[in-house]
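Student: Sharing a structure with you now.
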Amino acid sequence: MTAFLLTLHLLIVIGFTIRILLRDDLSPPARLAWFIVLMVLPYVGSIIYFLFGEIDLGNKANKRHKDIFNRIRSKAAHLMGDKEDTDRLIDLPYKPAFHYAGSINGFHPVEGNKAELMANAAATNARLIADIDDAQSHVHVLYYIWLEDRTGTDVAHALIRAAGRGVACRAMADGLGSRALIKSSLWQEMKDAGVHLAVALPLDNLIRTLLTSRIDLRNHRKITVIDSKVTFCGSRNSADPEFLVKAKYAPWVDIMLRLEGPIVAQNELLFLSDWMQATGESLDAFRLTATAAPGGFPAQVMGDGPTERKGATPQLFASLIACAQNTLTLSTPYFVPDATVLEALCAASHRGVTVTLIFPKVNDSWIVAAASRSYYRRLLSAGCEIHEFKGGLLHAKTLTIDGEVSLIGSSNLDLRSFDLNYENNILLQDIEVTTAIRERQGDYISQSDPVMLKHVIAWPHHRRIWNNVIATIGPVL
């Protein structure tokens, strides 16, 4: 029996070790993390690797995603922007980042956009509901988390009213993040009212999902499009700031832009790529249009996910960071950067850019909290400023550069957003909008505690060891 167990142990360890060594897509830190887990916990580790080690929705999903975007490019290329316009629309220092963003899924800068920064959650909800109530043609919404609370119910009832007056309403929710709503009477009420519904990455066959994919590959996007004229983009799910599923960390502090112009069509195309994936509906069923605002700013959509090019999001962040000339301010709730982003932040600070990072003081993920703080000493030693927000869970994902360029959307600076989630962001160049976002970042800083290098150096050994252990096995977690 002992010989059998020893042989089984060796076969498991050797088999998974060979599989890990054969994977060219794994970074050395990720490979090392898996080796540690398999050596320490060979049986449990092998099960964990089987369930969560591979980042792949399967060949069928990858092929379908490629086919859908090929159809979008063939039928709607005029709405996706022209690569050649980047050099005309974007100032010289920032062209590399906009060019890189365009390489991800083919969206390039389009001019003639305008945006309004929403004041708070209540203002966002009121404006969004008013826009849906004014809809004449169609409404498209997609949320990772859609709760049956005040906000979620208001949005659902607005869609029901719109469908009742003949507006084509399409609503999508992630199969895991919105699982309670999908099973609720409110979801059925929308369906009965004529709202077309779809579930992104459904969990209706859990065993098949576990055997062929990963349960934690999710659609993390937050997209709202009304009549191809208005879109909302930012960090907010369809949920109250009180966020009842994790109320002890509330309020959730989000940021949202309301945009008009050709950027709306790009965001709509990204929504439709998900809708077509989930429903099989043809692009021919949609009438696609774009309108420009005179004198408006250039912007482009960037969507990423496990069926896109690996490493696209961290490489985009690194490109943006490398473009910064004077200032770079970043807020994110989940900060677990890969080496690409970490080195870019340190390099920017070393060359004289004022790098300011804003994170939550209390995080809803103990894993992320520990891993994030393992990078503090490195960042502070390089000259970066770190502030920990005290007014709730800072959920806003923002990046501003030199008071001119902004990135806003759903992407966090963590391995989940980098590798596992479908995300949506808008990259823009405009002094007025960037100033407004920068002022909001200033509000976050005013409600934060500064983190000083001397404080981090004084952390007890057990705390530093804990943070570094979690960061080391972070790629597994």
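Chain labels run A, B, ... following the order of the structure tokens; each chain numbers its residues from 1, and ligands are numbered from 1 in the order shown.
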Considering only C-alpha atoms, return as a PyMOL selection string whatever protein or nucleic-acid residues lie within 10 Å of A:Asp134, sequence-local ones (same chain, fewer than 2 positions apart) excluded.
Tutor: chain A and resi 128-132+136-137+158+162+226-227
Student: Hey, what's within 6 Å of A:Leu142 if we count only C-alpha atoms and toss same-chain stuff fewer than 6 positions away? As a list in words, please?
Tutor: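 The contact residues come out as Ala171, Met172, Ala173, Lys222 and Ile223 of chain A.
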Student: Kindly save the residues from that selection, with N, CA and C atoms included, as a compact mmCIF listing (two decimals), in the first residue's frame.
Tutor:
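What follows is the written file again-v3.txt:
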```txt
# COMPACT_ATOMS: atom_id res chain seq x y z
N ALA A 171 -30.92 42.80 -21.96
CA ALA A 171 -30.26 42.85 -20.65
C ALA A 171 -29.48 41.56 -20.43
N MET A 172 -28.22 41.74 -20.04
CA MET A 172 -27.35 40.61 -19.73
C MET A 172 -26.82 40.74 -18.31
N ALA A 173 -26.62 39.60 -17.68
CA ALA A 173 -26.01 39.58 -16.35
C ALA A 173 -25.09 38.37 -16.26
N LYS A 222 -19.41 46.38 -17.20
CA LYS A 222 -20.57 47.20 -16.81
C LYS A 222 -20.84 48.14 -17.98
N ILE A 223 -21.82 47.80 -18.81
CA ILE A 223 -22.10 48.57 -20.02
C ILE A 223 -23.57 48.94 -20.07
```
Student: Report as CSV: every residue of stretch 96-120 of chain A with an atom at most 8 Å from stretch 288-294 of chain A, its closest pair of atoms, and their distance in Å to one decimal, counting only C-alpha atoms, with rows sorted by chain and ascending residue number.
Tutor:
```
residue,atom,partner,partner_atom,distance
A:Glu111,CA,A:Ala292,CA,7.3
A:Gly112,CA,A:Ala293,CA,4.5
A:Asn113,CA,A:Ala293,CA,5.7
A:Lys114,CA,A:Ala293,CA,6.8
```
Student: With only C-alpha atoms as the atoms that count, which of A:Arg221, A:Arg88, A:Arg179, A:Lys66 lies nearest to A:Leu270?
Tutor: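 Closest residue, counting only C-alpha atoms: A:Arg221.
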Student: Using only C-alpha atoms, can you tell me which of A:Pro93, A:Gly311, A:Pro42, A:Gly296 comes closest to A:Ser27?
Tutor: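 Residue with the minimum atom-to-atom distance to A:Ser27: A:Gly311.
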Student: List the spatial neighbours of stretch 385-392 of chain A as a list in words - criterion: any atom at most 6 Å away, only C-alpha atoms, same-chain residues fewer than 5 positions off excluded.
Tutor: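 Those residues are Ala250, Pro251, Thr356, Leu357, Ile358, Phe359, Pro360, Lys361, Gln447, Ser448, Asp449, Pro450 and Val451 of chain A.
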Student: Using only C-alpha atoms, which protein or nucleic acid residues come within 10 Å of A:Leu379? Drop anything in the same chain fewer than 2 positions from it, and give the result as a list in words.
Tutor: Leu342, Glu343, Leu345, Cys346, Ala347, Ser349, Val355, Leu357, Arg373, Ser374, Tyr375, Tyr376, Arg377, Ser381, Ala382, Gly383, Cys384, Glu385, Ile386 and Leu453 of chain A
Student: May I have the residues from that selection written out with C-alpha atoms, as a CSV table (one decimal), in the first residue's frame?
Tutor:
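Done, and the output landed in again-v4.csv:
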```csv
chain,number,residue,atom,x,y,z
A,342,LEU,CA,5.1,47.1,-11.0
A,343,GLU,CA,8.3,47.8,-12.9
A,345,LEU,CA,5.3,52.3,-11.9
A,346,CYS,CA,8.7,52.2,-10.2
A,347,ALA,CA,10.4,53.4,-13.4
A,349,SER,CA,8.7,57.5,-10.4
A,355,VAL,CA,3.1,58.7,-9.1
A,357,LEU,CA,-1.6,55.4,-5.8
A,373,ARG,CA,0.8,45.5,0.8
A,374,SER,CA,3.7,43.2,-0.1
A,375,TYR,CA,4.5,45.7,-2.9
A,376,TYR,CA,4.3,48.8,-0.7
A,377,ARG,CA,8.0,48.9,0.3
A,381,SER,CA,11.3,53.2,-2.0
A,382,ALA,CA,11.0,54.2,-5.7
A,383,GLY,CA,9.3,57.4,-4.6
A,384,CYS,CA,5.6,56.5,-5.3
A,385,GLU,CA,3.0,58.0,-3.0
A,386,ILE,CA,0.4,55.6,-1.5
A,453,LEU,CA,8.0,54.1,4.0
```
Student: Apply DSSP to the backbone of this structure and, from stretch 253-459 of chain A, keep only the residues in alpha helix (DSSP H); write these as a PyMOL selection string.
Tutor: chain A and resi 263-279+312-323+339-350+366-373+376-381+415+431-446+453-457
Student: Write the residues of the selection above to a file with C-alpha atoms, as an mmCIF file, in the first residue's frame.
Tutor:
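Final file, selection-v7.cif:
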```
data_model
loop_
_atom_site.group_PDB
_atom_site.id
_atom_site.type_symbol
_atom_site.label_atom_id
_atom_site.label_comp_id
_atom_site.auth_asym_id
_atom_site.auth_seq_id
_atom_site.Cartn_x
_atom_site.Cartn_y
_atom_site.Cartn_z
ATOM 1 C CA ILE A 263 -17.599 56.279 -28.524
ATOM 2 C CA VAL A 264 -21.150 55.087 -27.810
ATOM 3 C CA ALA A 265 -21.125 52.947 -30.957
ATOM 4 C CA GLN A 266 -17.847 51.332 -29.919
ATOM 5 C CA ASN A 267 -19.214 50.482 -26.482
ATOM 6 C CA GLU A 268 -22.339 49.113 -28.148
ATOM 7 C CA LEU A 269 -20.264 46.885 -30.404
ATOM 8 C CA LEU A 270 -18.479 45.507 -27.351
ATOM 9 C CA PHE A 271 -21.852 44.773 -25.745
ATOM 10 C CA LEU A 272 -23.060 43.110 -28.940
ATOM 11 C CA SER A 273 -19.978 40.886 -29.045
ATOM 12 C CA ASP A 274 -21.065 39.474 -25.676
ATOM 13 C CA TRP A 275 -24.735 39.332 -26.676
ATOM 14 C CA MET A 276 -23.955 37.436 -29.871
ATOM 15 C CA GLN A 277 -21.736 35.033 -27.935
ATOM 16 C CA ALA A 278 -24.521 34.307 -25.445
ATOM 17 C CA THR A 279 -27.545 34.217 -27.761
ATOM 18 C CA ALA A 312 -3.134 42.785 -23.088
ATOM 19 C CA THR A 313 -4.370 44.644 -20.002
ATOM 20 C CA PRO A 314 -1.105 44.796 -18.016
ATOM 21 C CA GLN A 315 0.734 45.758 -21.199
ATOM 22 C CA LEU A 316 -1.762 48.567 -21.805
ATOM 23 C CA PHE A 317 -1.283 49.858 -18.256
ATOM 24 C CA ALA A 318 2.485 49.645 -18.668
ATOM 25 C CA SER A 319 2.252 51.562 -21.963
ATOM 26 C CA LEU A 320 0.164 54.290 -20.349
ATOM 27 C CA ILE A 321 2.484 54.541 -17.367
ATOM 28 C CA ALA A 322 5.469 54.824 -19.689
ATOM 29 C CA CYS A 323 3.782 57.737 -21.494
ATOM 30 C CA ALA A 339 6.052 42.472 -12.967
ATOM 31 C CA THR A 340 5.205 44.476 -16.104
ATOM 32 C CA VAL A 341 3.037 46.985 -14.232
ATOM 33 C CA LEU A 342 5.097 47.053 -11.035
ATOM 34 C CA GLU A 343 8.324 47.845 -12.877
ATOM 35 C CA ALA A 344 6.573 50.485 -14.997
ATOM 36 C CA LEU A 345 5.299 52.297 -11.886
ATOM 37 C CA CYS A 346 8.711 52.243 -10.229
ATOM 38 C CA ALA A 347 10.438 53.366 -13.432
ATOM 39 C CA ALA A 348 8.021 56.272 -13.870
ATOM 40 C CA SER A 349 8.706 57.488 -10.359
ATOM 41 C CA HIS A 350 12.469 57.113 -10.786
ATOM 42 C CA TRP A 366 -7.972 39.479 2.687
ATOM 43 C CA ILE A 367 -5.908 37.815 -0.032
ATOM 44 C CA VAL A 368 -5.726 40.993 -2.111
ATOM 45 C CA ALA A 369 -5.081 43.132 0.971
ATOM 46 C CA ALA A 370 -2.054 41.061 1.962
ATOM 47 C CA ALA A 371 -0.703 40.727 -1.564
ATOM 48 C CA SER A 372 -1.114 44.461 -2.240
ATOM 49 C CA ARG A 373 0.850 45.466 0.842
ATOM 50 C CA TYR A 376 4.337 48.841 -0.684
ATOM 51 C CA ARG A 377 7.993 48.947 0.329
ATOM 52 C CA ARG A 378 9.171 48.573 -3.262
ATOM 53 C CA LEU A 379 6.842 51.313 -4.511
ATOM 54 C CA LEU A 380 7.559 53.736 -1.673
ATOM 55 C CA SER A 381 11.308 53.199 -2.008
ATOM 56 C CA LEU A 415 -4.343 39.103 -11.886
ATOM 57 C CA ILE A 431 -8.197 68.215 -20.303
ATOM 58 C CA GLU A 432 -11.678 69.039 -18.975
ATOM 59 C CA VAL A 433 -12.768 65.449 -18.354
ATOM 60 C CA THR A 434 -9.376 64.441 -16.976
ATOM 61 C CA THR A 435 -9.432 67.441 -14.632
ATOM 62 C CA ALA A 436 -12.828 66.354 -13.313
ATOM 63 C CA ILE A 437 -11.601 62.801 -12.714
ATOM 64 C CA ARG A 438 -8.405 64.135 -11.141
ATOM 65 C CA GLU A 439 -10.470 66.268 -8.751
ATOM 66 C CA ARG A 440 -12.464 63.183 -7.792
ATOM 67 C CA GLN A 441 -9.184 61.364 -7.160
ATOM 68 C CA GLY A 442 -8.251 64.327 -4.955
ATOM 69 C CA ASP A 443 -11.458 63.759 -2.972
ATOM 70 C CA TYR A 444 -10.389 60.158 -2.430
ATOM 71 C CA ILE A 445 -6.969 61.294 -1.221
ATOM 72 C CA SER A 446 -8.549 63.764 1.213
ATOM 73 C CA LEU A 453 8.020 54.148 4.042
ATOM 74 C CA LYS A 454 9.070 54.335 7.682
ATOM 75 C CA HIS A 455 5.743 52.787 8.717
ATOM 76 C CA VAL A 456 6.130 49.893 6.283
ATOM 77 C CA ILE A 457 9.706 49.255 7.411
#
```
Student: Please provide as a ChimeraX atom specification all residues within 9 Å of stretch 6-13 of chain A, with the sequence filter that same-chain residues fewer than 3 positions apart are discarded (counting only C-alpha atoms).
Tutor: /A:1-3,16-18,35,38-39,42-43,46
Student: Please, could you write that set of residues out with C-alpha atoms as a compact mmCIF listing (two decimals), in the first residue's frame?
Tutor:
```txt
# COMPACT_ATOMS: atom_id res chain seq x y z
CA MET A 1 0.00 0.00 0.00
CA THR A 2 2.85 2.34 0.88
CA ALA A 3 4.52 1.65 -2.46
CA PHE A 16 1.37 18.10 -13.34
CA THR A 17 4.95 19.36 -13.25
CA ILE A 18 5.42 18.35 -16.89
CA PHE A 35 5.25 24.08 -8.06
CA LEU A 38 1.98 20.76 -5.80
CA MET A 39 5.01 19.95 -3.67
CA PRO A 42 0.18 17.18 -4.07
CA TYR A 43 -3.36 15.72 -3.96
CA SER A 46 -3.60 18.69 -8.29
```
Student: Point out the residue among A:Ser235, A:Gln429, A:Asn70, A:Asn412 with the least atom-to-atom distance to A:Ala396, counting only C-alpha atoms.
Tutor: A:Ser235
Student: Counting only C-alpha atoms, which residue out of A:Ala77, A:Leu428, A:Ala193, A:Leu283 sits closest to A:Lys95?
Tutor: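 Residue with the minimum atom-to-atom distance to A:Lys95: A:Leu428.
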Student: Please provide the set of residues having any atom within 10 Å of A:Ala239, restricted to only C-alpha atoms, with same-chain residues fewer than 3 positions apart removed, written as a list of chain:residue names.
Tutor: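 Once the nearby chain positions are removed, what remains is A:Ala121, A:Asn125, A:Tyr143, A:Ile145, A:Trp146, A:Leu147, A:Glu148, A:Asp149, A:Arg150, A:Thr151, A:Gly152, A:Thr153, A:Asp154, A:Val155, A:Arg236, A:Glu242, A:Phe243, A:Leu244, A:Val245, A:Trp252.
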Student: Residues of the last selection are to be written out with N, CA and C atoms, as a PDB file, in the first residue's frame.
Tutor:
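Output (out29.pdb):
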```pdb
ATOM      1  N   ALA A 121     -23.549  58.122  -6.533  1.00  0.00           N
ATOM      2  CA  ALA A 121     -24.374  56.977  -6.926  1.00  0.00           C
ATOM      3  C   ALA A 121     -25.815  57.384  -7.199  1.00  0.00           C
ATOM      4  N   ASN A 125     -27.765  56.946 -10.773  1.00  0.00           N
ATOM      5  CA  ASN A 125     -28.979  56.163 -10.936  1.00  0.00           C
ATOM      6  C   ASN A 125     -30.108  57.000 -11.521  1.00  0.00           C
ATOM      7  N   TYR A 143     -24.298  43.828 -16.798  1.00  0.00           N
ATOM      8  CA  TYR A 143     -23.695  44.058 -15.481  1.00  0.00           C
ATOM      9  C   TYR A 143     -23.127  42.751 -14.936  1.00  0.00           C
ATOM     10  N   ILE A 145     -22.476  42.371 -11.555  1.00  0.00           N
ATOM     11  CA  ILE A 145     -23.313  42.177 -10.377  1.00  0.00           C
ATOM     12  C   ILE A 145     -24.574  43.018 -10.540  1.00  0.00           C
ATOM     13  N   TRP A 146     -25.700  42.361 -10.524  1.00  0.00           N
ATOM     14  CA  TRP A 146     -27.009  43.028 -10.613  1.00  0.00           C
ATOM     15  C   TRP A 146     -27.825  42.504  -9.446  1.00  0.00           C
ATOM     16  N   LEU A 147     -28.043  43.355  -8.457  1.00  0.00           N
ATOM     17  CA  LEU A 147     -28.738  42.938  -7.247  1.00  0.00           C
ATOM     18  C   LEU A 147     -30.208  43.338  -7.299  1.00  0.00           C
ATOM     19  N   GLU A 148     -30.990  42.644  -6.516  1.00  0.00           N
ATOM     20  CA  GLU A 148     -32.413  42.953  -6.409  1.00  0.00           C
ATOM     21  C   GLU A 148     -32.625  43.951  -5.270  1.00  0.00           C
ATOM     22  N   ASP A 149     -31.824  45.013  -5.283  1.00  0.00           N
ATOM     23  CA  ASP A 149     -31.963  46.068  -4.283  1.00  0.00           C
ATOM     24  C   ASP A 149     -32.625  47.276  -4.937  1.00  0.00           C
ATOM     25  N   ARG A 150     -32.511  48.451  -4.323  1.00  0.00           N
ATOM     26  CA  ARG A 150     -33.182  49.636  -4.860  1.00  0.00           C
ATOM     27  C   ARG A 150     -32.675  49.976  -6.258  1.00  0.00           C
ATOM     28  N   THR A 151     -31.355  50.029  -6.420  1.00  0.00           N
ATOM     29  CA  THR A 151     -30.782  50.372  -7.721  1.00  0.00           C
ATOM     30  C   THR A 151     -31.119  49.324  -8.772  1.00  0.00           C
ATOM     31  N   GLY A 152     -30.871  48.065  -8.455  1.00  0.00           N
ATOM     32  CA  GLY A 152     -31.133  47.001  -9.411  1.00  0.00           C
ATOM     33  C   GLY A 152     -32.594  46.912  -9.810  1.00  0.00           C
ATOM     34  N   THR A 153     -33.479  47.117  -8.836  1.00  0.00           N
ATOM     35  CA  THR A 153     -34.915  47.071  -9.129  1.00  0.00           C
ATOM     36  C   THR A 153     -35.343  48.267  -9.967  1.00  0.00           C
ATOM     37  N   ASP A 154     -34.780  49.441  -9.674  1.00  0.00           N
ATOM     38  CA  ASP A 154     -35.097  50.632 -10.474  1.00  0.00           C
ATOM     39  C   ASP A 154     -34.723  50.430 -11.939  1.00  0.00           C
ATOM     40  N   VAL A 155     -33.536  49.868 -12.182  1.00  0.00           N
ATOM     41  CA  VAL A 155     -33.098  49.625 -13.562  1.00  0.00           C
ATOM     42  C   VAL A 155     -34.022  48.614 -14.234  1.00  0.00           C
ATOM     43  N   ARG A 236     -19.219  51.038 -11.603  1.00  0.00           N
ATOM     44  CA  ARG A 236     -20.451  50.760 -10.863  1.00  0.00           C
ATOM     45  C   ARG A 236     -21.225  49.589 -11.442  1.00  0.00           C
ATOM     46  N   GLU A 242     -24.654  50.616  -0.604  1.00  0.00           N
ATOM     47  CA  GLU A 242     -24.664  49.809   0.623  1.00  0.00           C
ATOM     48  C   GLU A 242     -24.269  48.356   0.360  1.00  0.00           C
ATOM     49  N   PHE A 243     -24.356  47.922  -0.870  1.00  0.00           N
ATOM     50  CA  PHE A 243     -23.890  46.632  -1.363  1.00  0.00           C
ATOM     51  C   PHE A 243     -24.185  45.516  -0.360  1.00  0.00           C
ATOM     52  N   LEU A 244     -25.442  45.123  -0.303  1.00  0.00           N
ATOM     53  CA  LEU A 244     -25.939  44.251   0.750  1.00  0.00           C
ATOM     54  C   LEU A 244     -25.211  42.913   0.835  1.00  0.00           C
ATOM     55  N   VAL A 245     -24.640  42.426  -0.279  1.00  0.00           N
ATOM     56  CA  VAL A 245     -23.950  41.136  -0.225  1.00  0.00           C
ATOM     57  C   VAL A 245     -22.633  41.226   0.552  1.00  0.00           C
ATOM     58  N   TRP A 252     -19.743  51.176  -1.029  1.00  0.00           N
ATOM     59  CA  TRP A 252     -18.929  50.979  -2.218  1.00  0.00           C
ATOM     60  C   TRP A 252     -18.825  52.326  -2.924  1.00  0.00           C
TER      61      TRP A 252
END
```
Student: Between atom CA of A:Leu394 and atom CA of A:Val253, what is the distance, to one decimal in Å?
Tutor: 4.8 Å
Student: With DSSP run on the backbone, what are the strand (DSSP E or B) residues within stretch 24-182 of chain A? I'd like them as a ChimeraX atom specification.
Tutor: /A:110-117,138-143,146,168-174
Student: Please produce an output containing C-alpha atoms for each residue in the selection, written as a CSV table (one decimal), in the first residue's frame.
Tutor:
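Output below, filename result_17.csv:
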```csv
chain,number,residue,atom,x,y,z
A,110,VAL,CA,-12.8,58.5,-32.7
A,111,GLU,CA,-13.3,62.2,-32.2
A,112,GLY,CA,-16.4,64.2,-31.4
A,113,ASN,CA,-17.2,62.9,-27.9
A,114,LYS,CA,-18.3,64.6,-24.8
A,115,ALA,CA,-18.7,63.3,-21.2
A,116,GLU,CA,-20.1,64.2,-17.9
A,117,LEU,CA,-18.7,62.9,-14.6
A,138,HIS,CA,-33.3,50.4,-27.9
A,139,VAL,CA,-31.6,49.9,-24.5
A,140,HIS,CA,-28.6,47.5,-24.0
A,141,VAL,CA,-27.3,46.8,-20.5
A,142,LEU,CA,-24.7,44.3,-19.1
A,143,TYR,CA,-23.7,44.1,-15.5
A,146,TRP,CA,-27.0,43.0,-10.6
A,168,ALA,CA,-36.1,46.9,-27.8
A,169,CYS,CA,-34.5,46.1,-24.5
A,170,ARG,CA,-31.6,43.6,-24.1
A,171,ALA,CA,-30.3,42.8,-20.7
A,172,MET,CA,-27.3,40.6,-19.7
A,173,ALA,CA,-26.0,39.6,-16.4
A,174,ASP,CA,-23.1,37.4,-15.4
```
Student: From the options A:Ser74, A:Thr224, A:Ser103, A:Asn120, which residue's atoms come nearest to A:Asp240, counting only C-alpha atoms?
Tutor: A:Asn120
Student: List as JSON, numbers by chain the protein and nucleic acid residues near A:Ser411, meaning an atom at most 8 Å away when only C-alpha atoms are counted, but skip any in the same chain fewer than 3 places from it.
Tutor: {"A": [397, 417, 418, 423, 424, 425]}
Student: Write the residues of the preceding selection, restricted to N, CA and C atoms, as a short mmCIF file (atom, residue, chain, number, x, y, z; two decimals), in the first residue's frame.
Tutor:
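Generated file (result_38.cif):
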```cif
data_model
loop_
_atom_site.label_atom_id
_atom_site.label_comp_id
_atom_site.auth_asym_id
_atom_site.auth_seq_id
_atom_site.Cartn_x
_atom_site.Cartn_y
_atom_site.Cartn_z
N LYS A 397 -12.08 52.53 -10.45
CA LYS A 397 -10.88 52.18 -11.20
C LYS A 397 -10.57 53.34 -12.13
N SER A 417 -8.35 40.59 -13.24
CA SER A 417 -8.68 41.44 -14.38
C SER A 417 -7.71 41.21 -15.53
N PHE A 418 -6.46 40.90 -15.21
CA PHE A 418 -5.46 40.69 -16.26
C PHE A 418 -5.72 39.40 -17.05
N GLU A 423 -13.47 42.51 -19.41
CA GLU A 423 -13.49 43.87 -18.87
C GLU A 423 -13.78 44.86 -19.99
N ASN A 424 -14.27 46.05 -19.61
CA ASN A 424 -14.45 47.14 -20.58
C ASN A 424 -13.94 48.45 -20.00
N ASN A 425 -13.25 49.22 -20.83
CA ASN A 425 -12.68 50.50 -20.42
C ASN A 425 -12.78 51.49 -21.56
#
```
Student: Rank nothing, just name the residue among A:Ile255, A:Val195, A:Leu420, A:Ala299 nearest to A:Gly81, using only C-alpha atoms.
Tutor: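 For A:Gly81, the nearest of the candidates is A:Ala299.
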